[in-house]
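Asks: Sharing query-v9.cif below, mmCIF, C-alpha atoms:
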data_final
#
loop_
_atom_site.label_atom_id
_atom_site.label_comp_id
_atom_site.auth_asym_id
_atom_site.auth_seq_id
_atom_site.Cartn_x
_atom_site.Cartn_y
_atom_site.Cartn_z
CA MET G 1 0.00 0.00 0.00
CA GLU G 2 1.60 3.25 -1.06
CA GLY G 3 0.34 5.20 1.91
CA VAL G 4 2.00 2.96 4.48
CA VAL G 5 5.51 2.61 3.07
CA PRO G 6 7.45 5.87 3.01
CA PRO G 7 9.19 6.47 -0.34
CA GLY G 8 12.66 6.69 1.14
CA THR G 9 12.75 3.17 2.62
CA SER G 10 15.36 0.92 1.05
CA THR G 11 14.18 -2.48 -0.11
CA GLN G 12 16.83 -4.33 1.90
CA SER G 13 16.07 -3.48 5.50
CA GLU G 14 12.68 -4.09 6.99
CA VAL G 15 11.58 -1.32 9.34
CA PRO G 16 8.79 -2.58 11.61
CA LYS G 17 5.69 -0.47 11.03
CA PRO G 18 3.10 0.02 13.75
CA THR G 19 0.22 -0.56 11.33
CA LYS G 20 1.55 -3.53 9.38
CA GLU G 21 3.18 -6.72 10.71
CA GLU G 22 6.10 -7.67 8.48
CA ARG G 23 7.93 -10.94 8.70
CA VAL G 24 11.65 -10.48 9.01
CA ASP G 25 13.49 -11.96 6.06
CA TYR G 26 16.56 -13.48 7.67
CA MET G 27 18.10 -14.21 4.30
CA ASN G 28 18.12 -10.58 3.32
CA LEU G 29 19.69 -8.75 6.21
CA PRO G 30 21.54 -5.49 5.63
CA CYS G 31 25.31 -5.41 5.64
CA PRO G 32 26.63 -4.33 9.04
CA ILE G 33 29.02 -1.43 9.50
CA PRO G 34 32.72 -2.22 9.85
CA TYR G 35 33.87 -3.55 13.24
CA GLU G 36 36.15 -0.62 14.00
CA GLU G 37 33.28 1.82 13.41
CA ILE G 38 30.95 0.20 15.87
CA HIS G 39 30.96 3.30 18.04
CA ARG G 40 30.87 5.61 15.04
CA GLU G 41 27.94 7.82 16.01
CA SER G 42 29.15 8.38 19.54
CA PHE G 43 32.69 9.11 18.34
CA MET G 44 31.40 11.66 15.90
CA SER G 45 29.34 13.40 18.54
CA LEU G 46 31.54 13.07 21.61
CA LYS G 47 35.03 13.27 20.23
CA PRO G 48 35.53 16.30 18.02
CA GLU G 49 39.11 17.32 17.22
CA LEU G 50 39.71 19.65 20.14
CA PHE G 51 42.84 21.72 19.89
CA GLU G 52 44.60 24.60 21.58
CA GLY G 53 46.03 27.59 19.77
CA MET G 54 45.49 28.77 16.26
CA ARG G 55 44.78 26.62 13.27
CA PHE G 56 44.48 27.55 9.64
CA ASP G 57 43.58 24.99 6.98
CA PHE G 58 43.41 25.57 3.30
CA THR G 59 42.25 22.93 0.87
CA LYS G 60 42.52 23.51 -2.83
CA LEU G 61 40.72 21.27 -5.31
CA LEU G 62 42.60 20.94 -8.56
CA ASN G 63 40.28 18.29 -9.86
CA PRO G 64 37.11 16.63 -8.56
CA ASN G 65 39.44 13.82 -7.45
CA PHE G 66 42.64 15.57 -6.48
CA ALA G 67 43.23 18.16 -3.75
CA LEU G 68 46.18 19.76 -2.04
CA SER G 69 45.96 21.00 1.50
CA HIS G 70 48.08 23.39 3.52
CA SER G 71 47.67 23.68 7.23
CA VAL G 72 49.36 25.92 9.77
CA TYR G 73 49.16 25.36 13.50
CA MET G 74 50.61 27.50 16.27
CA GLY G 75 50.07 26.73 19.87
CA PRO G 76 51.18 24.79 22.90
CA THR G 77 51.51 21.06 22.53
CA ALA G 78 51.26 18.84 25.59
CA ILE G 79 54.19 16.54 26.27
CA PRO G 80 53.41 13.35 28.17
CA SER G 81 55.03 13.76 31.55
CA GLN G 82 55.38 11.54 34.58
CA SER G 83 54.16 14.09 37.09
CA SER G 84 50.52 15.03 37.36
CA GLU G 85 51.17 18.45 35.81
CA THR G 86 50.94 18.71 32.06
CA ILE G 87 53.98 20.23 30.42
CA LYS G 88 53.25 22.28 27.34
CA ILE G 89 55.72 23.43 24.80
CA PRO G 90 54.80 26.09 22.25
CA THR G 91 55.17 24.74 18.76
CA ALA G 92 54.46 25.97 15.27
CA GLN G 93 54.11 23.64 12.37
CA TYR G 94 53.12 23.55 8.75
CA GLU G 95 51.59 20.51 7.19
CA PHE G 96 51.29 19.81 3.52
CA GLY G 97 48.90 17.22 2.25
CA ALA G 98 47.83 15.68 -1.00
CA ASN G 99 44.62 13.69 -1.47
CA PHE G 100 43.59 11.66 -4.42
CA ILE G 101 40.09 10.23 -4.14
CA ASP G 102 38.73 7.95 -6.82
CA PRO G 103 35.81 5.52 -6.52
CA LYS G 104 38.31 2.67 -6.49
CA LEU G 105 41.44 4.16 -4.95
CA MET G 106 41.99 6.64 -2.21
CA LEU G 107 45.44 8.03 -1.42
CA VAL G 108 45.90 10.53 1.39
CA GLY G 109 49.30 11.78 2.47
CA ARG G 110 50.27 14.44 5.01
CA VAL G 111 53.77 15.58 5.80
CA LEU G 112 54.82 17.88 8.66
CA THR G 113 57.78 20.20 8.92
CA ASP G 114 59.61 17.80 11.21
CA GLY G 115 59.49 15.10 8.60
CA ARG G 116 56.64 13.00 9.90
CA LEU G 117 54.57 11.43 7.17
CA THR G 118 51.07 10.10 7.71
CA THR G 119 49.56 8.12 4.88
CA ARG G 120 46.31 6.31 4.22
CA VAL G 121 45.74 4.18 1.20
CA LYS G 122 42.47 2.43 0.43
CA CYS G 123 42.09 0.29 -2.64
CA ASP G 124 38.93 -1.57 -3.69
CA LEU G 125 40.17 -4.60 -5.54
CA THR G 126 36.69 -5.90 -6.23
CA ASP G 127 33.40 -4.65 -4.85
CA ARG G 128 33.73 -7.10 -1.97
CA LEU G 129 37.45 -7.07 -1.20
CA SER G 130 39.42 -4.01 -0.24
CA ILE G 131 42.84 -3.27 1.17
CA LYS G 132 43.66 -0.39 3.48
CA VAL G 133 47.10 0.72 4.57
CA ASN G 134 47.73 3.24 7.36
CA ALA G 135 51.26 4.29 8.10
CA GLN G 136 53.07 6.90 10.14
CA LEU G 137 56.70 7.29 9.25
CA THR G 138 59.17 9.42 11.19
CA ASN G 139 62.84 10.18 10.91
CA GLU G 140 63.52 8.80 14.34
CA PRO G 141 64.39 5.12 14.23
CA HIS G 142 61.91 2.62 15.66
CA MET G 143 59.14 5.18 15.93
CA SER G 144 57.38 4.41 12.67
CA HIS G 145 54.45 2.10 12.41
CA GLY G 146 52.14 0.83 9.76
CA ILE G 147 49.09 -1.41 9.53
CA VAL G 148 47.65 -3.25 6.56
CA ASN G 149 43.95 -4.22 6.70
CA ILE G 150 42.35 -6.62 4.28
CA ASP G 151 38.56 -6.35 4.33
CA TYR G 152 36.03 -8.70 2.86
CA LYS G 153 32.41 -7.66 2.72
CA GLY G 154 29.90 -10.45 2.44
CA LYS G 155 26.14 -10.26 2.02
CA ASP G 156 25.36 -9.69 5.69
CA TYR G 157 28.76 -9.95 7.30
CA ARG G 158 32.15 -8.33 7.19
CA THR G 159 35.52 -9.71 8.01
CA GLN G 160 38.93 -8.09 8.31
CA PHE G 161 42.51 -9.18 8.80
CA GLN G 162 45.15 -6.84 10.14
CA LEU G 163 48.92 -7.02 9.91
CA GLY G 164 51.10 -4.44 11.51
CA ASN G 165 54.73 -3.87 12.27
CA GLY G 166 55.98 -5.07 15.60
CA ALA G 167 54.36 -8.43 14.82
CA LEU G 168 50.80 -7.20 15.21
CA PHE G 169 48.15 -9.58 13.92
CA GLY G 170 44.45 -9.12 14.23
CA ALA G 171 41.21 -10.38 12.79
CA ASN G 172 37.63 -9.41 13.31
CA TYR G 173 34.24 -10.50 12.12
CA ILE G 174 30.82 -8.89 12.36
CA GLN G 175 27.48 -10.37 11.36
CA SER G 176 23.97 -8.97 11.06
CA VAL G 177 21.73 -11.11 13.19
CA THR G 178 18.45 -9.24 12.83
CA PRO G 179 17.71 -6.12 10.78
CA HIS G 180 18.68 -4.04 13.79
CA LEU G 181 21.21 -6.09 15.71
CA SER G 182 24.70 -7.04 14.67
CA LEU G 183 27.23 -9.01 16.69
CA GLY G 184 30.92 -9.31 16.17
CA GLY G 185 34.17 -10.54 17.63
CA GLU G 186 37.85 -9.81 17.30
CA VAL G 187 41.15 -11.42 18.09
CA PHE G 188 44.55 -9.72 18.15
CA TRP G 189 48.10 -10.56 18.99
CA ALA G 190 50.84 -7.99 19.49
CA GLY G 191 54.26 -9.62 19.47
CA GLN G 192 56.31 -6.67 20.55
CA HIS G 193 54.23 -5.78 23.57
CA ARG G 194 53.50 -9.43 24.35
CA LYS G 195 49.77 -8.76 24.45
CA SER G 196 46.98 -10.70 22.97
CA GLY G 197 43.27 -10.49 23.39
CA VAL G 198 39.82 -11.44 22.33
CA GLY G 199 36.93 -9.05 22.17
CA TYR G 200 33.21 -9.06 21.47
CA ALA G 201 30.95 -6.30 20.25
CA ALA G 202 27.26 -5.78 19.73
CA ARG G 203 25.35 -2.98 18.08
CA TYR G 204 21.64 -2.33 18.09
CA GLU G 205 20.42 0.37 15.78
CA THR G 206 17.05 1.81 14.84
CA ASP G 207 16.13 5.05 13.10
CA LYS G 208 16.03 6.87 16.37
CA MET G 209 18.85 5.44 18.38
CA VAL G 210 22.06 3.46 18.28
CA ALA G 211 23.38 1.44 21.19
CA ALA G 212 26.73 -0.29 21.02
CA GLY G 213 28.82 -2.26 23.46
CA GLN G 214 32.28 -3.74 23.33
CA VAL G 215 34.19 -5.98 25.74
CA ALA G 216 37.77 -7.15 25.43
CA THR G 217 40.09 -9.34 27.48
CA THR G 218 42.52 -6.41 27.72
CA GLY G 219 40.09 -5.20 30.37
CA MET G 220 38.22 -2.67 28.34
CA VAL G 221 34.45 -2.36 28.41
CA ALA G 222 32.98 0.39 26.25
CA LEU G 223 29.28 1.12 26.03
CA SER G 224 27.70 3.92 24.07
CA TYR G 225 24.22 5.17 23.40
CA VAL G 226 23.16 7.82 20.89
CA GLN G 227 19.62 9.12 20.58
CA LYS G 228 18.67 11.05 17.49
CA VAL G 229 16.13 13.43 18.93
CA SER G 230 15.55 15.11 15.60
CA GLU G 231 17.41 15.66 12.33
CA LYS G 232 19.30 18.51 13.86
CA VAL G 233 19.88 17.29 17.39
CA SER G 234 21.60 14.16 18.68
CA LEU G 235 22.35 13.31 22.27
CA ALA G 236 25.10 10.84 23.04
CA SER G 237 26.59 9.24 26.09
CA ASP G 238 29.28 6.71 26.68
CA LEU G 239 30.93 4.74 29.43
CA ILE G 240 34.45 3.35 29.32
CA TYR G 241 35.46 0.99 32.08
CA ASN G 242 38.71 -0.88 32.48
CA TYR G 243 38.15 -3.80 34.81
CA MET G 244 41.88 -4.43 35.22
CA SER G 245 42.82 -0.97 36.36
CA ARG G 246 39.37 -0.05 37.78
CA ASP G 247 39.25 3.13 35.74
CA VAL G 248 35.85 4.50 34.80
CA THR G 249 34.96 7.43 32.59
CA ALA G 250 31.44 8.40 31.71
CA SER G 251 30.60 11.24 29.39
CA ALA G 252 27.49 12.78 27.97
CA GLY G 253 27.18 15.24 25.14
CA TYR G 254 25.09 16.82 22.48
CA ASP G 255 25.53 17.44 18.79
CA TYR G 256 23.53 20.16 17.06
CA ILE G 257 23.81 20.10 13.28
CA LEU G 258 22.23 23.33 12.13
CA ARG G 259 22.19 24.94 8.72
CA GLN G 260 25.11 27.28 9.26
CA CYS G 261 26.96 25.64 12.08
CA ARG G 262 27.65 22.47 13.99
CA LEU G 263 27.99 22.64 17.75
CA ARG G 264 29.15 19.74 19.92
CA GLY G 265 29.45 19.86 23.65
CA LYS G 266 30.39 17.26 26.20
CA ILE G 267 30.86 16.83 29.91
CA ASP G 268 32.89 14.11 31.51
CA SER G 269 33.03 12.35 34.84
CA ASN G 270 36.68 13.47 35.10
CA GLY G 271 35.45 17.02 35.55
CA CYS G 272 36.22 17.99 31.98
CA ALA G 273 33.79 20.06 29.92
CA SER G 274 34.42 20.74 26.28
CA ALA G 275 32.75 22.36 23.30
CA PHE G 276 33.49 22.62 19.63
CA LEU G 277 31.83 24.99 17.19
CA GLU G 278 32.17 25.03 13.41
CA GLU G 279 30.42 27.97 11.86
CA ARG G 280 30.09 28.27 8.12
CA LEU G 281 30.64 31.83 7.05
CA ASN G 282 29.82 32.49 3.42
CA MET G 283 31.83 31.32 0.42
CA GLY G 284 33.60 28.27 1.75
CA PHE G 285 35.07 29.77 4.92
CA LYS G 286 34.52 27.89 8.13
CA PHE G 287 35.33 29.35 11.50
CA ILE G 288 36.23 26.96 14.30
CA LEU G 289 36.23 27.46 18.05
CA SER G 290 37.35 24.81 20.47
CA ALA G 291 37.33 24.88 24.26
CA GLU G 292 38.23 22.27 26.85
CA ILE G 293 38.20 23.00 30.55
CA ASP G 294 39.58 20.39 32.93
CA HIS G 295 38.88 21.52 36.46
CA ILE G 296 40.59 18.62 38.20
CA ARG G 297 43.90 18.93 36.40
CA LYS G 298 43.60 22.70 36.01
CA ASP G 299 44.22 22.48 32.27
CA TYR G 300 42.38 25.08 30.20
CA LYS G 301 42.58 24.87 26.45
CA PHE G 302 41.07 27.31 24.01
CA GLY G 303 41.61 27.35 20.30
CA PHE G 304 40.36 29.10 17.23
CA GLY G 305 40.86 28.64 13.54
CA ILE G 306 39.67 29.07 10.03
CA THR G 307 39.20 26.42 7.37
CA VAL G 308 39.11 27.51 3.76
CA GLY G 309 37.90 25.12 1.12
CA GLU G 310 36.09 21.85 1.67
CA MET E 1 87.50 -34.91 -2.09
CA ALA E 2 86.57 -38.42 -1.11
CA SER E 3 88.80 -38.21 1.96
CA ARG E 4 87.21 -34.93 2.93
CA VAL E 5 83.79 -36.46 2.57
CA SER E 6 84.81 -39.46 4.66
CA LEU E 7 86.33 -37.14 7.30
CA LYS E 8 83.07 -35.24 7.48
CA SER E 9 81.07 -38.44 7.89
CA LYS E 10 83.53 -39.71 10.53
CA GLY E 11 83.41 -36.47 12.50
CA LYS E 12 81.71 -36.31 15.89
CA ALA E 13 78.00 -36.01 15.88
CA SER E 14 78.13 -32.76 17.81
CA GLY E 15 80.72 -31.34 15.45
CA LYS E 16 78.66 -32.29 12.43
CA GLY E 17 75.55 -31.03 14.13
CA SER E 18 77.14 -27.65 14.84
CA LYS E 19 78.46 -27.30 11.30
CA GLY E 20 75.04 -28.15 9.89
CA SER E 21 73.29 -25.74 12.22
CA GLN E 22 75.87 -23.08 11.39
CA GLU E 23 74.93 -23.41 7.74
CA GLU E 24 71.23 -23.27 8.57
CA LYS E 25 71.79 -20.36 10.90
CA SER E 26 73.63 -18.41 8.25
CA LEU E 27 70.81 -19.11 5.77
CA ALA E 28 68.15 -17.92 8.19
CA GLN E 29 70.34 -15.03 9.26
CA SER E 30 71.02 -13.94 5.70
CA PHE E 31 67.30 -14.13 4.95
CA LYS E 32 66.56 -12.01 8.01
CA GLU E 33 69.24 -9.49 7.10
CA TRP E 34 68.00 -9.30 3.53
CA SER E 35 64.41 -8.76 4.63
CA THR E 36 65.47 -6.11 7.16
CA TRP E 37 67.46 -4.33 4.45
CA THR E 38 64.42 -4.45 2.13
CA VAL E 39 62.09 -3.08 4.77
CA LYS E 40 64.52 -0.27 5.61
CA LYS E 41 64.86 0.71 1.95
CA ALA E 42 61.10 0.49 1.44
CA LYS E 43 60.57 2.78 4.40
CA VAL E 44 62.94 5.40 3.03
CA ILE E 45 61.39 5.19 -0.44
CA THR E 46 57.89 5.55 0.98
CA HIS E 47 58.93 8.41 3.22
CA TYR E 48 60.32 10.46 0.36
CA GLY E 49 58.26 9.20 -2.51
CA PHE E 50 54.68 8.88 -1.31
CA ILE E 51 53.60 12.49 -1.63
CA PRO E 52 55.26 12.95 -5.05
CA LEU E 53 53.51 9.75 -6.14
CA VAL E 54 50.12 11.09 -5.09
CA ILE E 55 50.85 14.36 -6.89
CA ILE E 56 51.88 12.57 -10.09
CA ILE E 57 48.78 10.38 -10.02
CA GLY E 58 46.61 13.43 -9.39
CA MET E 59 48.16 15.52 -12.13
CA ASN E 60 47.61 12.74 -14.62
CA SER E 61 43.96 12.17 -13.78
CA GLU E 62 41.13 13.60 -15.85
CA PRO E 63 40.52 16.58 -16.22
CA LYS E 64 44.23 17.33 -16.24
CA PRO E 65 45.06 20.32 -14.05
CA HIS E 66 47.77 22.71 -15.12
CA ILE E 67 51.11 22.79 -13.32
CA SER E 68 50.60 26.44 -12.40
CA GLN E 69 47.55 25.38 -10.38
CA LEU E 70 49.83 23.20 -8.31
CA LEU E 71 51.96 26.11 -7.13
CA SER E 72 49.65 29.09 -6.98
CA PRO E 73 47.43 29.60 -3.95
CA VAL E 74 44.31 30.53 -5.87
#
Let me see the file written as structure tokens.
Replies:
Amino acid sequence: MEGVVPPGTSTQSEVPKPTKEERVDYMNLPCPIPYEEIHRESFMSLKPELFEGMRFDFTKLLNPNFALSHSVYMGPTAIPSQSSETIKIPTAQYEFGANFIDPKLMLVGRVLTDGRLTTRVKCDLTDRLSIKVNAQLTNEPHMSHGIVNIDYKGKDYRTQFQLGNGALFGANYIQSVTPHLSLGGEVFWAGQHRKSGVGYAARYETDKMVAAGQVATTGMVALSYVQKVSEKVSLASDLIYNYMSRDVTASAGYDYILRQCRLRGKIDSNGCASAFLEERLNMGFKFILSAEIDHIRKDYKFGFGITVGE
Amino acid sequence: MASRVSLKSKGKASGKGSKGSQEEKSLAQSFKEWSTWTVKKAKVITHYGFIPLVIIIGMNSEPKPHISQLLSPV
């Protein structure tokens, strides 16, 4: 009946309607999202790229597929220190990047003034098999690392193998069990750090909400819940608990996606409140404000910037 | 030659064992050294050559941008 089914519904997933009882077709389940993106919605809402200082990004499209980017950053950078006080050193850096994005091949490279290169390569060999390579190369010896991921996408499952330097091996698998629920597991072995682990994940998603949970033998338990209150407003919360070190962090935040701006705010159980605003001024200019206030550690970070181009 | 072969076969088991393992060790070691050398060279090549490779691939894709577009900020 045309009145009951909204025109935008895809033919693959069955959305249960209150007026009509539909039998779930277990042979035709939708393909689940990749295992590493199981917390995707809560990451997007709760973890914006907060920074301190001034940032200027300029992206220039030479081609619909090819772009060059220049980025300048000036501000204090925190150095990991043993004492409870954070040590910050003022730095200034310029980063040059080149992106080539094709339907089948994606190459992204960024190089900093101190010689650090970050690259991402994604190649779709067939429409089911794809290879991704992520690498960070530095001039210092033994500080570079790289990971190769081989992904296979089946009809209602996905599987991935990972190989990294330092004898890192990993594999994960995720399967759609009902139109809304997908379950997955992962196994990894890190030779250099002598760590290995098994993990499980589950994700329940409807139009209005997404709930995801992940447990691993490394002691990590991560739960997240995102409620899409409307098209413009999302509320998200997450809980990260390490049962080995008894460390708990809970955070709750909001994400307003409005016509001219996107505002994300979050408050943490560590006494840290943060906000991130991206305001689109006319003609491809975006103005960014970032603030993070940590009352417990007395660390106050404020940043501003402008992004030109896409 | 024959005497050398017979000497080898008459040698102590431990001596023969060590000589055999020395040969195996050198094979495995040379393989390891060769693979380490390859990985080191590959890292240097990637470090210097990745961004120029992306630029070359981009400049040769359709529609071909002009080289002045690469350098100018507009």
Asks: Can you tell me, as a ChimeraX atom specification, what residues are no more than 10 Å from range 34-45 of chain E when counting only C-alpha atoms, ignoring any on the same chain fewer than 6 positions away?
Replies: /G:137-139,144 /E:28
Asks: Pull out every residue that the PyMOL selection byres ((chain G) within 10 of (chain E)) matches in the shown coordinates and put them as a PyMOL selection string.
Replies: chain G and resi 58-68+70+96-102+106-111+115-119+135-139+144
Asks: For CA of Tyr243 in chain G and CA of Gly219 in chain G, quote the distance in Å rounded to one decimal.
Replies: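 Straight-line distance from CA of Tyr243 in chain G to CA of Gly219 in chain G works out to 5.0 Å.
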Asks: Can you tell me how far CA of Gly170 in chain G sits from CA of Ser196 in chain G, in Å to one decimal?
Replies: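 The value is 9.2 Å.
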Asks: One number please: CA of Ala212 in chain G to CA of Phe169 in chain G, in Å, one decimal.
Replies: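 Taking CA of Ala212 in chain G as the start and CA of Phe169 in chain G as the end point, the length is 24.4 Å.
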Asks: Care to translate the PyMOL selection byres ((chain G and resi 199) around 10) into actual residues of this file, as a PyMOL selection string?
Replies: chain G and resi 172+184-188+197-198+200-201+214-221
Asks: Just the residues within 7 Å of Ala236 in chain G, please, counting only C-alpha atoms, with nothing from its chain fewer than 3 positions along; format it as a compact mmCIF listing (two decimals) with C-alpha atoms, in the frame of the given file.
Replies:
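Full text of out18.txt as output:
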# COMPACT_ATOMS: atom_id res chain seq x y z
CA SER G 42 29.15 8.38 19.54
CA SER G 45 29.34 13.40 18.54
CA LEU G 46 31.54 13.07 21.61
CA TYR G 225 24.22 5.17 23.40
CA VAL G 226 23.16 7.82 20.89
CA GLN G 227 19.62 9.12 20.58
CA ALA G 252 27.49 12.78 27.97
CA GLY G 253 27.18 15.24 25.14
CA TYR G 254 25.09 16.82 22.48
Asks: So that I can check the surroundings of Val148 in chain G, please list as a list in words every protein, DNA and RNA residue that reaches within 7 Å of it, counting all atoms listed in the file and ignoring chain neighbours fewer than 2 positions away.
Replies: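 Counting all atoms listed in the file, the residues come to Lys132, Val133, Asn134, Gly146, Ile150, Gln162, Leu163 and Gly164 of chain G.
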Asks: For the selection you just gave me, I'd like the residues written to a file as a PDB file, in the coordinates of the input, keeping C-alpha atoms.
Replies:
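Once written, out_26.pdb looks like this:
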ATOM      1  CA  LYS G 132      43.660  -0.390   3.480  1.00  0.00           C
ATOM      2  CA  VAL G 133      47.100   0.720   4.570  1.00  0.00           C
ATOM      3  CA  ASN G 134      47.730   3.240   7.360  1.00  0.00           C
ATOM      4  CA  GLY G 146      52.140   0.830   9.760  1.00  0.00           C
ATOM      5  CA  ILE G 150      42.350  -6.620   4.280  1.00  0.00           C
ATOM      6  CA  GLN G 162      45.150  -6.840  10.140  1.00  0.00           C
ATOM      7  CA  LEU G 163      48.920  -7.020   9.910  1.00  0.00           C
ATOM      8  CA  GLY G 164      51.100  -4.440  11.510  1.00  0.00           C
TER       9      GLY G 164
END
Asks: Show which residues sit within 12 Å of Leu277 in chain G, as a count of residues only. Count only C-alpha atoms, and ignore same-chain residues fewer than 3 positions away.
Replies: 31
Asks: Determine the nearest neighbour of Pro34 in chain G from the options G:Ile174, G:Leu235, G:Leu129, G:Met143, counting all atoms listed in the file.
Replies: G:Ile174
Asks: Saving range 217-229 of chain G with N, CA and C atoms, as a short mmCIF file (atom, residue, chain, number, x, y, z; two decimals), in the first residue's frame, what would that file be?
Replies:
data_model
loop_
_atom_site.label_atom_id
_atom_site.label_comp_id
_atom_site.auth_asym_id
_atom_site.auth_seq_id
_atom_site.Cartn_x
_atom_site.Cartn_y
_atom_site.Cartn_z
N THR G 217 39.34 -8.75 26.38
CA THR G 217 40.09 -9.34 27.48
C THR G 217 41.24 -8.45 27.93
N THR G 218 41.52 -7.37 27.22
CA THR G 218 42.52 -6.41 27.72
C THR G 218 41.95 -5.62 28.89
N GLY G 219 40.70 -5.87 29.22
CA GLY G 219 40.09 -5.20 30.37
C GLY G 219 39.18 -4.06 30.01
N MET G 220 38.99 -3.84 28.74
CA MET G 220 38.22 -2.67 28.34
C MET G 220 36.75 -3.04 28.12
N VAL G 221 35.88 -2.24 28.69
CA VAL G 221 34.45 -2.36 28.41
C VAL G 221 34.01 -0.99 27.94
N ALA G 222 33.41 -0.91 26.77
CA ALA G 222 32.98 0.39 26.25
C ALA G 222 31.53 0.26 25.84
N LEU G 223 30.69 1.14 26.38
CA LEU G 223 29.28 1.12 26.03
C LEU G 223 28.92 2.50 25.53
N SER G 224 28.08 2.58 24.53
CA SER G 224 27.70 3.92 24.07
C SER G 224 26.26 3.90 23.63
N TYR G 225 25.63 5.05 23.75
CA TYR G 225 24.22 5.17 23.40
C TYR G 225 24.02 6.53 22.76
N VAL G 226 23.41 6.56 21.58
CA VAL G 226 23.16 7.82 20.89
C VAL G 226 21.69 7.88 20.55
N GLN G 227 21.04 8.96 20.89
CA GLN G 227 19.62 9.12 20.58
C GLN G 227 19.48 10.26 19.60
N LYS G 228 18.86 9.99 18.48
CA LYS G 228 18.67 11.05 17.49
C LYS G 228 17.35 11.69 17.80
N VAL G 229 17.36 12.79 18.50
CA VAL G 229 16.13 13.43 18.93
C VAL G 229 15.41 14.03 17.74
#
